[in-house]
Every structure is written in C-alpha cells, then in structure tokens.
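S.K.: final_16.cif is reproduced below (mmCIF, C-alpha atoms (C1' of nucleotides)).
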```cif
data_start
#
loop_
_atom_site.label_atom_id
_atom_site.label_comp_id
_atom_site.auth_asym_id
_atom_site.auth_seq_id
_atom_site.Cartn_x
_atom_site.Cartn_y
_atom_site.Cartn_z
CA MET A 1 0.00 0.00 0.00
CA PRO A 2 2.55 2.45 0.90
CA GLU A 3 3.81 5.42 -0.98
CA LEU A 4 5.76 8.09 0.81
CA PRO A 5 2.82 9.65 2.73
CA GLU A 6 1.69 6.26 4.01
CA VAL A 7 5.18 5.30 5.16
CA GLU A 8 5.61 8.66 6.83
CA THR A 9 2.29 8.10 8.61
CA VAL A 10 3.50 4.72 9.79
CA ARG A 11 6.73 6.29 11.03
CA ARG A 12 4.86 8.90 13.03
CA GLY A 13 2.50 6.32 14.45
CA LEU A 14 5.24 3.95 15.56
CA ALA A 15 7.64 6.56 16.93
CA PRO A 16 5.95 7.03 20.33
CA PHE A 17 6.04 3.29 20.92
CA MET A 18 9.58 2.68 19.73
CA GLU A 19 11.77 5.72 20.24
CA GLY A 20 13.56 5.56 23.57
CA ARG A 21 12.34 2.04 24.18
CA THR A 22 14.25 -1.19 24.12
CA ILE A 23 13.62 -4.13 21.83
CA ARG A 24 13.12 -6.81 24.45
CA LYS A 25 12.38 -9.59 22.01
CA LEU A 26 12.07 -10.06 18.28
CA THR A 27 9.88 -12.91 17.05
CA LEU A 28 10.15 -14.18 13.49
CA ASN A 29 7.26 -16.34 12.36
CA ARG A 30 8.99 -17.27 9.13
CA PRO A 31 12.54 -17.05 7.80
CA ASP A 32 11.80 -14.72 4.93
CA LEU A 33 9.58 -12.04 3.48
CA ARG A 34 10.46 -11.07 -0.05
CA PHE A 35 14.05 -11.89 0.81
CA PRO A 36 15.50 -13.93 3.65
CA LEU A 37 15.46 -12.00 6.92
CA PRO A 38 18.94 -10.98 8.15
CA LYS A 39 21.15 -13.65 9.60
CA ASP A 40 20.92 -13.64 13.40
CA PHE A 41 18.30 -10.89 13.12
CA SER A 42 16.88 -11.36 16.60
CA ALA A 43 20.24 -11.79 18.31
CA ARG A 44 21.61 -8.69 16.68
CA ILE A 45 18.87 -6.30 17.77
CA GLU A 46 17.42 -7.69 20.99
CA GLY A 47 18.42 -5.57 23.98
CA ARG A 48 19.11 -2.48 21.89
CA LYS A 49 17.29 0.76 22.41
CA VAL A 50 15.66 2.56 19.50
CA VAL A 51 17.34 5.92 19.08
CA ARG A 52 15.19 7.33 16.30
CA MET A 53 12.55 6.39 13.75
CA SER A 54 13.43 7.71 10.32
CA ARG A 55 12.35 7.31 6.71
CA ARG A 56 13.93 7.48 3.28
CA ALA A 57 11.55 7.42 0.30
CA LYS A 58 9.24 4.47 1.00
CA TYR A 59 11.66 2.83 3.41
CA LEU A 60 11.28 2.94 7.16
CA VAL A 61 14.55 3.19 9.11
CA ILE A 62 14.66 2.16 12.76
CA MET A 63 17.92 3.50 14.16
CA LEU A 64 19.27 1.56 17.13
CA GLU A 65 21.98 2.07 19.68
CA GLY A 66 25.34 0.89 18.47
CA GLU A 67 25.13 2.36 14.97
CA LEU A 68 22.85 -0.37 13.67
CA SER A 69 19.62 0.30 11.73
CA VAL A 70 16.69 -1.86 10.72
CA ILE A 71 15.50 -1.03 7.21
CA ALA A 72 11.91 -2.01 6.47
CA HIS A 73 9.93 -1.81 3.26
CA LEU A 74 6.21 -2.53 3.27
CA GLY A 75 5.91 -3.71 -0.30
CA MET A 76 2.30 -3.62 -1.48
CA SER A 77 0.45 -5.09 1.46
CA GLY A 78 2.65 -4.61 4.53
CA SER A 79 1.39 -2.89 7.66
CA PHE A 80 2.25 -2.44 11.31
CA ARG A 81 -0.12 -2.56 14.21
CA ILE A 82 0.51 -1.86 17.86
CA GLU A 83 -0.78 -3.85 20.77
CA THR A 84 -0.23 -2.96 24.38
CA MET A 85 -0.81 -5.37 27.21
CA ALA A 86 -4.25 -3.90 27.61
CA GLU A 87 -5.55 -3.67 24.06
CA ALA A 88 -4.84 -2.80 20.49
CA VAL A 89 -4.17 0.91 20.33
CA GLY A 90 -3.58 1.59 16.70
CA ASP A 91 -3.64 0.08 13.28
CA PHE A 92 -1.18 1.82 11.04
CA HIS A 93 -2.16 1.62 7.47
CA HIS A 94 -3.47 -1.39 6.93
CA PRO A 95 -6.43 -1.91 4.95
CA ARG A 96 -6.66 -5.63 4.76
CA SER A 97 -5.23 -8.45 6.67
CA LYS A 98 -6.43 -8.57 10.16
CA ASP A 99 -5.31 -12.10 9.61
CA ALA A 100 -2.76 -13.20 12.20
CA ALA A 101 -1.63 -15.87 9.76
CA HIS A 102 0.33 -13.08 8.09
CA ASP A 103 1.87 -11.62 11.23
CA HIS A 104 5.47 -12.27 10.25
CA VAL A 105 7.64 -10.18 12.56
CA ILE A 106 6.90 -9.02 16.10
CA PHE A 107 8.92 -6.45 18.02
CA GLN A 108 8.31 -6.63 21.75
CA MET A 109 9.15 -3.22 23.18
CA ALA A 110 9.79 -2.26 26.78
CA ASP A 111 9.94 1.25 28.21
CA GLU A 112 11.87 2.35 31.26
CA GLN A 113 8.88 1.90 33.55
CA GLY A 114 8.45 -1.68 32.45
CA GLY A 115 5.52 -0.92 30.15
CA GLU A 116 5.31 -3.22 27.17
CA ALA A 117 4.00 -2.97 23.62
CA ARG A 118 4.05 -5.30 20.67
CA ILE A 119 4.73 -3.89 17.23
CA ILE A 120 3.45 -6.40 14.72
CA TYR A 121 4.38 -6.51 11.05
CA ASN A 122 1.70 -8.11 8.87
CA ASP A 123 2.13 -8.63 5.13
CA PRO A 124 -0.10 -11.06 3.18
CA ARG A 125 1.74 -10.77 -0.11
CA ARG A 126 5.22 -10.62 1.42
CA PHE A 127 6.54 -8.09 -1.06
CA GLY A 128 8.03 -6.22 1.87
CA PHE A 129 11.39 -6.91 3.44
CA MET A 130 13.57 -6.10 6.43
CA ASP A 131 17.30 -5.76 6.54
CA LEU A 132 20.09 -4.47 8.76
CA ALA A 133 22.67 -1.84 7.90
CA GLU A 134 25.25 0.20 9.69
CA THR A 135 23.65 3.55 10.49
CA GLY A 136 26.63 5.56 9.36
CA ALA A 137 26.65 3.82 5.99
CA LEU A 138 22.96 4.06 5.14
CA ASP A 139 23.65 6.20 2.09
CA LEU A 140 25.63 3.31 0.68
CA TYR A 141 22.87 0.79 1.27
CA PRO A 142 22.09 -0.67 -2.17
CA SER A 143 18.42 0.35 -2.21
CA PHE A 144 19.32 3.87 -1.07
CA SER A 145 22.38 4.74 -3.06
CA ALA A 146 20.60 5.50 -6.33
CA LEU A 147 17.50 7.18 -4.91
CA GLY A 148 16.52 10.60 -6.18
CA PRO A 149 15.60 13.51 -3.91
CA GLU A 150 12.65 13.47 -1.54
CA PRO A 151 9.69 15.43 -2.92
CA THR A 152 9.42 17.20 0.43
CA GLY A 153 12.94 18.59 0.45
CA ASN A 154 14.71 21.55 -1.05
CA SER A 155 16.57 19.60 -3.70
CA LEU A 156 13.45 18.99 -5.76
CA SER A 157 13.08 21.88 -8.19
CA ALA A 158 11.89 22.48 -11.73
CA ASP A 159 15.50 22.95 -12.78
CA TYR A 160 16.46 19.60 -11.30
CA LEU A 161 13.58 17.87 -13.07
CA ALA A 162 14.43 19.62 -16.33
CA GLU A 163 17.90 18.17 -16.16
CA ARG A 164 16.62 14.68 -15.42
CA PHE A 165 13.81 14.80 -18.02
CA ARG A 166 15.97 16.16 -20.79
CA SER A 167 17.16 12.81 -22.07
CA LYS A 168 13.97 10.86 -21.31
CA LYS A 169 11.70 10.11 -24.18
CA SER A 170 9.40 7.87 -22.19
CA PRO A 171 5.99 8.90 -20.85
CA ILE A 172 6.08 11.34 -17.94
CA LYS A 173 4.00 8.88 -15.90
CA SER A 174 6.72 6.22 -16.00
CA VAL A 175 9.51 8.69 -15.34
CA LEU A 176 7.81 9.99 -12.19
CA LEU A 177 7.51 6.42 -10.92
CA ASP A 178 11.28 5.98 -11.31
CA GLN A 179 12.66 6.22 -7.77
CA ARG A 180 16.04 7.32 -9.14
CA VAL A 181 14.43 10.50 -10.45
CA ILE A 182 12.21 11.30 -7.45
CA ALA A 183 12.03 9.06 -4.41
CA GLY A 184 8.72 8.21 -2.81
CA LEU A 185 6.07 8.74 -5.46
CA GLY A 186 3.91 5.79 -6.43
CA ASN A 187 0.96 5.12 -8.68
CA ILE A 188 -1.59 7.17 -6.76
CA TYR A 189 0.37 10.34 -6.21
CA VAL A 190 1.84 10.38 -9.71
CA CYS A 191 -1.68 10.28 -11.19
CA GLU A 192 -2.84 12.98 -8.80
CA ALA A 193 0.13 15.28 -9.39
CA LEU A 194 -0.22 15.03 -13.17
CA HIS A 195 -3.90 15.88 -12.97
CA ARG A 196 -3.29 18.83 -10.70
CA SER A 197 -0.75 20.22 -13.12
CA GLY A 198 -2.80 19.57 -16.26
CA ILE A 199 -0.20 17.33 -17.86
CA GLY A 200 -1.21 14.22 -19.79
CA PRO A 201 0.38 10.99 -18.51
CA GLU A 202 1.42 9.90 -21.99
CA ARG A 203 3.32 13.05 -22.75
CA LEU A 204 7.02 12.40 -23.12
CA ALA A 205 9.13 13.65 -20.25
CA ASN A 206 11.51 15.53 -22.50
CA SER A 207 8.61 17.55 -23.89
CA LEU A 208 8.62 19.43 -20.59
CA VAL A 209 12.12 20.66 -21.27
CA THR A 210 13.08 23.39 -23.75
CA PRO A 211 15.72 22.71 -26.42
CA THR A 212 18.19 24.61 -24.28
CA GLY A 213 17.51 22.36 -21.31
CA ARG A 214 15.40 24.75 -19.29
CA ALA A 215 12.11 23.93 -17.61
CA ALA A 216 9.33 24.36 -20.16
CA ARG A 217 5.92 25.78 -19.33
CA GLY A 218 4.16 23.30 -17.09
CA LEU A 219 7.20 21.83 -15.41
CA GLU A 220 7.07 24.47 -12.71
CA ASP A 221 3.40 23.57 -12.17
CA LEU A 222 4.24 19.89 -12.00
CA THR A 223 6.95 20.48 -9.42
CA GLY A 224 4.54 22.46 -7.27
CA ALA A 225 1.79 19.87 -7.68
CA ILE A 226 4.08 17.05 -6.55
CA ARG A 227 5.11 18.96 -3.45
CA GLN A 228 1.55 19.96 -2.70
CA VAL A 229 -0.11 16.59 -3.12
CA ILE A 230 2.53 14.86 -1.00
CA ALA A 231 2.28 17.48 1.73
CA GLU A 232 -1.52 17.28 1.78
CA ALA A 233 -1.47 13.50 1.89
CA ILE A 234 0.98 13.42 4.78
CA GLU A 235 -1.16 15.90 6.64
CA ALA A 236 -4.20 13.69 6.02
CA GLY A 237 -2.39 10.64 7.35
CA GLY A 238 -1.97 9.03 3.93
CA SER A 239 -4.55 7.06 1.99
CA THR A 240 -6.35 3.93 3.06
CA LEU A 241 -7.75 1.82 0.25
CA ARG A 242 -10.35 -0.90 0.27
CA ASP A 243 -10.73 -0.57 3.98
CA HIS A 244 -13.79 -0.59 6.12
CA ILE A 245 -14.02 1.84 8.98
CA GLN A 246 -10.88 3.07 10.70
CA THR A 247 -11.27 1.55 14.10
CA ASP A 248 -9.19 4.21 15.74
CA GLY A 249 -10.97 6.87 13.70
CA SER A 250 -7.86 8.85 12.99
CA LEU A 251 -5.58 7.68 10.25
CA GLY A 252 -5.54 7.94 6.51
CA TYR A 253 -8.33 9.83 4.85
CA PHE A 254 -6.57 11.28 1.81
CA GLN A 255 -8.40 8.80 -0.45
CA HIS A 256 -11.43 11.03 -0.14
CA ARG A 257 -9.44 13.75 -1.82
CA PHE A 258 -8.41 11.79 -4.88
CA ARG A 259 -9.28 13.71 -8.02
CA VAL A 260 -8.58 10.95 -10.54
CA TYR A 261 -7.19 7.82 -8.87
CA ASP A 262 -9.72 4.98 -8.92
CA ARG A 263 -12.38 7.34 -10.31
CA GLU A 264 -12.77 5.94 -13.81
CA GLY A 265 -16.00 7.13 -15.43
CA GLU A 266 -16.59 9.90 -12.93
CA ALA A 267 -16.77 13.57 -13.82
CA CYS A 268 -13.52 15.51 -13.74
CA VAL A 269 -13.47 17.86 -10.76
CA THR A 270 -11.43 20.55 -12.47
CA PRO A 271 -13.64 23.66 -12.46
CA GLY A 272 -15.25 24.15 -15.86
CA CYS A 273 -13.66 21.06 -17.36
CA GLY A 274 -16.64 18.79 -17.91
CA GLY A 275 -14.41 15.85 -18.87
CA THR A 276 -14.62 12.27 -17.66
CA VAL A 277 -11.88 10.44 -15.80
CA SER A 278 -10.43 7.63 -17.87
CA ARG A 279 -8.23 4.63 -17.08
CA ILE A 280 -5.42 3.53 -19.33
CA VAL A 281 -2.57 1.08 -18.83
CA GLN A 282 1.05 2.20 -18.98
CA SER A 283 3.90 -0.21 -18.39
CA GLY A 284 1.39 -2.66 -17.02
CA ARG A 285 -0.06 -0.30 -14.42
CA SER A 286 -3.30 1.65 -14.28
CA THR A 287 -3.15 5.35 -15.00
CA PHE A 288 -6.15 7.52 -14.18
CA HIS A 289 -6.42 10.86 -15.93
CA CYS A 290 -8.78 13.37 -17.52
CA PRO A 291 -8.17 13.54 -21.28
CA ALA A 292 -10.04 16.85 -21.41
CA CYS A 293 -7.89 18.94 -19.08
CA GLN A 294 -4.59 17.05 -19.10
CA LYS A 295 -2.55 17.77 -22.20
"C1'" DA B 296 21.40 2.53 -22.87
"C1'" DA B 297 16.88 2.67 -22.21
"C1'" DG B 298 12.35 1.03 -22.12
"C1'" DT B 299 8.74 -2.54 -21.52
"C1'" DG B 300 7.00 -6.73 -19.43
"C1'" DA B 301 7.21 -10.57 -16.31
"C1'" DA B 302 7.97 -12.18 -11.86
"C1'" DC B 303 7.51 -12.25 -6.89
"C1'" DC B 304 2.58 -13.66 -3.61
"C1'" DT B 305 -2.06 -13.55 -1.60
"C1'" DG B 306 -6.75 -12.01 -1.38
"C1'" DA B 307 -10.75 -9.43 -2.93
"C1'" DA B 308 -14.03 -8.51 -6.36
"C1'" DG B 309 -16.51 -9.13 -10.58
"C1'" DG B 310 -18.39 -12.06 -14.43
"C1'" DC B 311 -20.76 -16.18 -15.76
"C1'" DT C 312 -22.62 -21.34 -4.59
"C1'" DG C 313 -18.54 -21.98 -7.22
"C1'" DC C 314 -15.09 -21.30 -10.58
"C1'" DC C 315 -12.43 -18.30 -13.32
"C1'" DT C 316 -10.24 -14.00 -14.44
"C1'" DT C 317 -8.56 -9.59 -13.24
"C1'" DC C 318 -6.65 -6.39 -10.29
"C1'" DA C 319 -4.02 -4.32 -6.27
"C1'" DG C 320 -0.48 1.49 -3.18
"C1'" DG C 321 6.27 -1.85 -5.27
"C1'" DT C 322 10.65 -3.37 -6.85
"C1'" DT C 323 13.80 -6.01 -9.57
"C1'" DC C 324 15.38 -8.75 -13.23
"C1'" DA C 325 15.37 -10.38 -17.92
"C1'" DC C 326 14.48 -9.37 -22.22
"C1'" DT C 327 14.17 -6.18 -26.87
#
```
Take the structure in the file and give it back as structure tokens.

M.R.:
Amino acid sequence: MPELPEVETVRRGLAPFMEGRTIRKLTLNRPDLRFPLPKDFSARIEGRKVVRMSRRAKYLVIMLEGELSVIAHLGMSGSFRIETMAEAVGDFHHPRSKDAAHDHVIFQMADEQGGEARIIYNDPRRFGFMDLAETGALDLYPSFSALGPEPTGNSLSADYLAERFRSKKSPIKSVLLDQRVIAGLGNIYVCEALHRSGIGPERLANSLVTPTGRAARGLEDLTGAIRQVIAEAIEAGGSTLRDHIQTDGSLGYFQHRFRVYDREGEACVTPGCGGTVSRIVQSGRSTFHCPACQK
DNA sequence: AAGTGAACCTGAAGGC
DNA sequence: TGCCTTCAGGTTCACT
C-alpha cells in the first residue's frame, strides 16, 4: 500500500512506541519475506534501544543504539499494528489483513517503567522486506544509493527535473515512478500530481524541457503539484484503500481527496472542465487521468 | 542505454 | 454457490 505519505504516517505512528524504548524480544514467524530475513536478526537487535525512527523514500529506518539500523519496506500489502498489554491501540495503514496468519515479525518493546508494547508486522503478499545496515553507511545501502531527492525537500526543483527529463523520451507517468528521479512517489500520487498540473500521462518527459535544457511551461506547475499533493497527503495521514471503517478513527483519509485515482468514469473535478476520468494502462499499471484537461 | 514486461505472492471482487 | 479471471499502493530482473 505504501507510498511516501503512508510510510511517513507509519513512522509517526510507531515513533511514540519505539523511540527511547528497548527491543526486548524479536519474534520471526517465518525465515523470509520477499528476501531472507537478516542472519541472526533477533540476536543482533534484541536488547538495543531505538534511538530514532526515520524514513527514506518508502523505506522505514529504525535506528538503534550501536550504529545499527533496521531497514523495512512494506511492499504492497505490509502494515504495522501496535498492541499494548491492555488492548490494540492503533492500526497503522493497513487496509486488509487482520489475519494473524500473516503476522510475520513481532517487536516486543519495553519502556523504562516496564511498560510493554508489541509492534506487529503483517504482510499477506510478502513483497516487503527487512534488513540491517550500519547507520553511518545508510547512504551506501544498495536500495538507497541511487534514490533521487525526496519530494518534500529543497533539492526537488523544476531545474532539477528539467535536467533529469531532458534525455527521457518515455511517458512522464513512467519517469515519475522511477525512484532514481524522485524518491517516494507511487501510482496514486503520480496520477494525482499530473492531474493537478494539467499534464497528460502519456506526454514524453523531454517535452517538458526546452531545447536549451530549461524547464518548459508546465514543469514548474508539476513540481509544485508534486510537493503539494505529497504534503496534503501526509497531513491527512496518507490514503487507506479498500478498507472498512478506521477503528481508531484517525488515520488515513486522503483517499477522499483523490481527483482521478480509482475514479474511472466519474466527472472531472477541475472547475469548468466537464471531462470524464479515464483509465489507461502504462507499463502494465493503471493510469487515471482526464483527457479533457490534461494535455 | 533505455524502455517494456514478467515475476515475486495472496486475497478481494466481478463475471458467468 | 462456485469457478475463473482480473486487479491491487512496489521493486527487480530479464528481455528487446
């Protein structure tokens, strides 16, 4: 499920239950997710205190004492939930799978007063993974080393995108999904950002760059739309798809603000547009857009 | 070199 | 009801 806003929401939800607390016990209910879990995973992290919860693109980073970090990716269907001794207190992004059969990894946390909480990783499809890396060398971690800038940071600019788009003659939709260009966007937020900036998903990326390599008209709008949609989604607690009611009533309501994603056949919400949202397939994935106002 | 498609895996939803 | 097909928020690897 998770694109950047969802992972950031998970990070914020877990932080109060992990930061400053000690991993008392790590339970592995199977030896692998998408990849084998780290060798001696439990032995290497049990007894260590969590220094800080961080995030890079769609990866969660749990920084531990002793310069060791757990890197976690939620794949398509991964989620964390928190249980205290008393009751479940939160369900962080997780639309499906209440099914304990897919509880694969359990962190048992202890605070200084002896309070306990269980942080449970559930992932039916097992496209997620966990790994260990030295905290000081995270930038060299294979999945991190080639990542582009975060859409929330200062390094994302129209000029930067112009430089990256210049040589790309593939559809803008595919280029925005490339984590080496921008890190953290996924299918939903790419569709939404393109709609907000009035750019058709099939337009070639290099058409947004002038012959001299400058940002063409529209690229500035796209840059702003990316920043805006990501910021709004984080503020809304991400998006929760195909879910019933949020039991805790608090997390993930950005799906109500989708303008095109999963709205095939519905009227375009752009003022005065009058178009109809359409679904096409690009590189094997659904793209939702309005052919009337996205050019 | 770059771009597309298949593969990884399970479950939900829709068609007949 | 049951069976079959399609689809799902991601990433990587193997092909043109």

S.K.: May I ask for the distance between atom CA of Lys58 of chain A and atom CA of Ala236 of chain A, given in Å to one decimal place?

M.R.: 17.1 Å

S.K.: DA301 of chain B: which residues within 12 Å, counting only C-alpha atoms (C1' of nucleotides), same-chain residues fewer than 3 positions away excluded, as a ChimeraX atom specification?

M.R.: /A:283-284 /C:323-326

S.K.: Decode the PyMOL selection byres ((chain A) within 9 of (chain C)) for the given file into explicit residues and return them as a PyMOL selection string.

M.R.: chain A and resi 1-3+6+74-77+127-128+186-188+239-241

S.K.: At a cut-off of 12 Å, list the chain A residues touching chain B, using all atoms listed in the file, as a PyMOL selection string.

M.R.: chain A and resi 33-35+75-78+95-97+99+101-102+123-128+167-171+174-175+178+242-243+282-285

S.K.: List the spatial neighbours of Met18 of chain A as a VMD selection string - criterion: any atom at most 12 Å away, only C-alpha atoms (C1' of nucleotides), same-chain residues fewer than 3 positions off excluded.

M.R.: chain A and resid 10 to 15 21 to 24 48 to 54 61 to 64 82 107 to 112 115 to 119

S.K.: When you draw a straight line from atom CA of Gly114 of chain A to atom CA of Phe17 of chain A, how long is it in Å?

M.R.: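 Computed distance, atom CA of Gly114 of chain A to atom CA of Phe17 of chain A, equals 12.8 Å.
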
S.K.: Using atom CA of Thr27 of chain A and atom CA of Ser69 of chain A as the two end points, give the distance in Å to one decimal.

M.R.: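 Atom CA of Ser69 of chain A lies 17.3 Å from atom CA of Thr27 of chain A.
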
S.K.: Would you compute an axis-aligned box for segment 297-306 of chain B, covering every atom listed for it in the file with 6 Å of margin on each side, and report centre and edge lengths in Å to one decimal as AutoDock Vina command-line options?

M.R.:
```
--center_x 5.1 --center_y -5.5 --center_z -11.8 --size_x 35.6 --size_y 28.3 --size_z 32.8
```

S.K.: Neighbours of Gly237 of chain A within 9 Å (all atoms listed in the file; same-chain residues fewer than 4 positions away dropped), as a PDB file with C-alpha atoms, in the frame of the given file?

M.R.:
```pdb
ATOM      1  CA  PRO A   5       2.820   9.650   2.730  1.00  0.00           C
ATOM      2  CA  GLU A   6       1.690   6.260   4.010  1.00  0.00           C
ATOM      3  CA  GLU A   8       5.610   8.660   6.830  1.00  0.00           C
ATOM      4  CA  THR A   9       2.290   8.100   8.610  1.00  0.00           C
ATOM      5  CA  VAL A  10       3.500   4.720   9.790  1.00  0.00           C
ATOM      6  CA  GLU A 232      -1.520  17.280   1.780  1.00  0.00           C
ATOM      7  CA  ALA A 233      -1.470  13.500   1.890  1.00  0.00           C
ATOM      8  CA  SER A 250      -7.860   8.850  12.990  1.00  0.00           C
ATOM      9  CA  LEU A 251      -5.580   7.680  10.250  1.00  0.00           C
ATOM     10  CA  GLY A 252      -5.540   7.940   6.510  1.00  0.00           C
ATOM     11  CA  TYR A 253      -8.330   9.830   4.850  1.00  0.00           C
ATOM     12  CA  PHE A 254      -6.570  11.280   1.810  1.00  0.00           C
TER      13      PHE A 254
END
```

S.K.: If you count all atoms listed in the file, which residues fall within 12 Å of Ala146 of chain A, apart from same-chain ones fewer than 5 positions away, as JSON, numbers by chain?

M.R.: {"A": [56, 57, 138, 139, 140, 141, 178, 179, 180, 181, 182, 183]}

S.K.: So which one's closest to Thr210 of chain A, A:Cys191, A:Ile234, A:Ala162, A:Ala225? Using only C-alpha atoms, please.

M.R.: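 Going through A:Cys191, A:Ile234, A:Ala162, A:Ala225 one by one, the smallest distance to Thr210 of chain A is for A:Ala162.
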